[in-house]
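Scroll down for the structure; my scribbles are underneath it.
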Amino acid sequence: MADDKSRPLLITIIAILYFIAGVLGVLAGILLLVGGAAVGELALGGMTGGILVVMGLINLVIAGGFWNGWKAIWYLAVIFGFISIILCVVGLFTTGGVSIVGLIIQALLLYYMFRPNVKEFFGI
């Protein structure tokens, strides 16, 4: 863990964004669960709400990993970064130029994850 190391600024921003996404996901999921039960559509609301709650909780765990410098989160970020780049390249051929923005962002984030200070923070 990276207790004694300085957290890079972009890692802090990423952690905060994941935290916000996690909180919003959990809240939206709960609202869908409650709203679905209130209008008698518990099956659809329950399924969608449940998925949102789980995804929100996963985002909160990822936020904690970025914030605390968990080595496993670095590996997951790199793996998902490569997968995202592949999907963006496929998207260039299927949806047109819109995927270029995602490709650039993912490539920059992946490059950043391999910076020496970031790797040091995560204990890589």
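Going by the structure tokens order, chains are called A, B, ..., each with residues numbered from 1, while ligands are numbered from 1 in the order shown.
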
Excluding Ile58 in chain A and residues on its chain fewer than 2 positions from it, collect all residues at most 10 Å away from it, counting only C-alpha atoms, and give them as an mmCIF file with C-alpha atoms, in the first residue's frame.
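File written: result06.cif
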```
data_model
loop_
_atom_site.group_PDB
_atom_site.id
_atom_site.type_symbol
_atom_site.label_atom_id
_atom_site.label_comp_id
_atom_site.auth_asym_id
_atom_site.auth_seq_id
_atom_site.Cartn_x
_atom_site.Cartn_y
_atom_site.Cartn_z
ATOM 1 C CA TYR A 18 -15.037 7.138 -9.089
ATOM 2 C CA PHE A 19 -16.344 8.053 -5.621
ATOM 3 C CA ALA A 21 -19.964 7.892 -9.688
ATOM 4 C CA GLY A 22 -20.266 5.274 -6.967
ATOM 5 C CA GLY A 25 -24.958 4.874 -8.777
ATOM 6 C CA VAL A 26 -25.975 3.609 -5.355
ATOM 7 C CA LEU A 52 -26.936 0.159 -10.392
ATOM 8 C CA VAL A 53 -26.371 -0.441 -6.688
ATOM 9 C CA VAL A 54 -23.803 -3.165 -7.394
ATOM 10 C CA MET A 55 -22.031 -1.038 -10.005
ATOM 11 C CA GLY A 56 -22.038 1.895 -7.589
ATOM 12 C CA LEU A 60 -16.671 2.942 -4.470
ATOM 13 C CA VAL A 61 -14.198 0.070 -4.043
ATOM 14 C CA ILE A 62 -12.250 1.253 -7.103
ATOM 15 C CA ALA A 63 -12.233 4.796 -5.682
ATOM 16 C CA GLY A 64 -10.773 3.449 -2.445
#
```

**Report entry** All residues 9 Å or closer to Val78 in chain A, only C-alpha atoms, same chain fewer than 3 positions away omitted, as a list of chain:residue names
**Finding:** A:Ile73, A:Trp74, A:Tyr75, A:Gly81, A:Phe82, A:Ile83, A:Leu109, A:Leu110, A:Met113, A:Phe114

Report summary line: The residue from A:Gly49, A:Phe122, A:Val101, A:Pro8 with the smallest atom-to-atom distance to Leu76 in chain A, counting only C-alpha atoms, is A:Phe122

Query raised in the report: Within 12 Å of Gly102 in chain A, counting only C-alpha atoms, which residues qualify if same-chain residues fewer than 5 places away don't, as a PyMOL selection string?
Result: chain A and resi 81+83-92+97+107-110

Next, write the just-selected residues to a file, as an mmCIF file, in the first residue's frame, keeping N, CA and C atoms as the atom set.
```
data_model
loop_
_atom_site.group_PDB
_atom_site.id
_atom_site.type_symbol
_atom_site.label_atom_id
_atom_site.label_comp_id
_atom_site.auth_asym_id
_atom_site.auth_seq_id
_atom_site.Cartn_x
_atom_site.Cartn_y
_atom_site.Cartn_z
ATOM 1 N N GLY A 81 -7.838 -0.514 -19.362
ATOM 2 C CA GLY A 81 -7.379 0.498 -20.300
ATOM 3 C C GLY A 81 -7.086 -0.107 -21.659
ATOM 4 N N ILE A 83 -8.299 -2.958 -22.804
ATOM 5 C CA ILE A 83 -9.582 -3.419 -23.361
ATOM 6 C C ILE A 83 -10.345 -2.243 -23.951
ATOM 7 N N SER A 84 -10.354 -1.116 -23.255
ATOM 8 C CA SER A 84 -11.059 0.069 -23.750
ATOM 9 C C SER A 84 -10.454 0.584 -25.047
ATOM 10 N N ILE A 85 -9.133 0.537 -25.136
ATOM 11 C CA ILE A 85 -8.484 0.975 -26.372
ATOM 12 C C ILE A 85 -8.890 0.073 -27.532
ATOM 13 N N ILE A 86 -8.906 -1.224 -27.299
ATOM 14 C CA ILE A 86 -9.327 -2.165 -28.343
ATOM 15 C C ILE A 86 -10.767 -1.885 -28.763
ATOM 16 N N LEU A 87 -11.646 -1.667 -27.782
ATOM 17 C CA LEU A 87 -13.048 -1.383 -28.101
ATOM 18 C C LEU A 87 -13.191 -0.059 -28.850
ATOM 19 N N CYS A 88 -12.383 0.933 -28.512
ATOM 20 C CA CYS A 88 -12.431 2.212 -29.230
ATOM 21 C C CYS A 88 -11.952 2.060 -30.668
ATOM 22 N N VAL A 89 -10.927 1.248 -30.873
ATOM 23 C CA VAL A 89 -10.443 1.014 -32.232
ATOM 24 C C VAL A 89 -11.523 0.308 -33.044
ATOM 25 N N VAL A 90 -12.166 -0.691 -32.448
ATOM 26 C CA VAL A 90 -13.286 -1.367 -33.127
ATOM 27 C C VAL A 90 -14.392 -0.351 -33.414
ATOM 28 N N GLY A 91 -14.639 0.523 -32.459
ATOM 29 C CA GLY A 91 -15.659 1.554 -32.631
ATOM 30 C C GLY A 91 -15.359 2.504 -33.777
ATOM 31 N N LEU A 92 -14.091 2.740 -34.024
ATOM 32 C CA LEU A 92 -13.724 3.601 -35.159
ATOM 33 C C LEU A 92 -14.228 3.020 -36.475
ATOM 34 N N GLY A 97 -15.976 8.257 -36.437
ATOM 35 C CA GLY A 97 -14.965 9.026 -35.735
ATOM 36 C C GLY A 97 -15.259 9.375 -34.301
ATOM 37 N N ALA A 107 -5.871 6.227 -24.143
ATOM 38 C CA ALA A 107 -4.436 6.132 -24.393
ATOM 39 C C ALA A 107 -3.658 7.025 -23.427
ATOM 40 N N LEU A 108 -4.158 8.229 -23.175
ATOM 41 C CA LEU A 108 -3.485 9.137 -22.241
ATOM 42 C C LEU A 108 -3.518 8.590 -20.812
ATOM 43 N N LEU A 109 -4.670 8.050 -20.411
ATOM 44 C CA LEU A 109 -4.764 7.477 -19.063
ATOM 45 C C LEU A 109 -3.853 6.264 -18.914
ATOM 46 N N LEU A 110 -3.791 5.440 -19.941
ATOM 47 C CA LEU A 110 -2.921 4.266 -19.891
ATOM 48 C C LEU A 110 -1.456 4.698 -19.826
#
```

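For the choices A:Ile104, A:Gly36, A:Phe66, A:Ser99, the atom-to-atom distance to Leu10 in chain A is smallest for A:Phe66 when using only C-alpha atoms.
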
**Report entry** Point-to-point distance from CA of Leu32 in chain A to CA of Ile14 in chain A, Å rounded to tenths
**Finding:** 26.5 Å

Report task. May I ask which of the residues A:Leu103, A:Arg115, A:Lys71, A:Gly65 is the closest one to Ile16 in chain A, counting only C-alpha atoms? Result ->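 Smallest distance to Ile16 in chain A is found for A:Gly65.
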
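Pairwise distance (CA of Tyr112 in chain A, CA of Leu9 in chain A) equals 11.2 Å.
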
Query raised in the report: With only C-alpha atoms as the basis for distance, which of A:Met47, A:Ile79, A:Ala72, A:Ile124 is at the shortest distance from Ile30 in chain A?
Result: A:Met47

Query raised in the report: Can you tell me how far CA of Val98 in chain A sits from CA of Phe80 in chain A, in Å to one decimal?
Result: 19.6 Å

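Between Gly69 in chain A and the residues A:Ile13, A:Ile20, A:Val34, A:Val118, the shortest atom-to-atom distance, using only C-alpha atoms, involves A:Val118.
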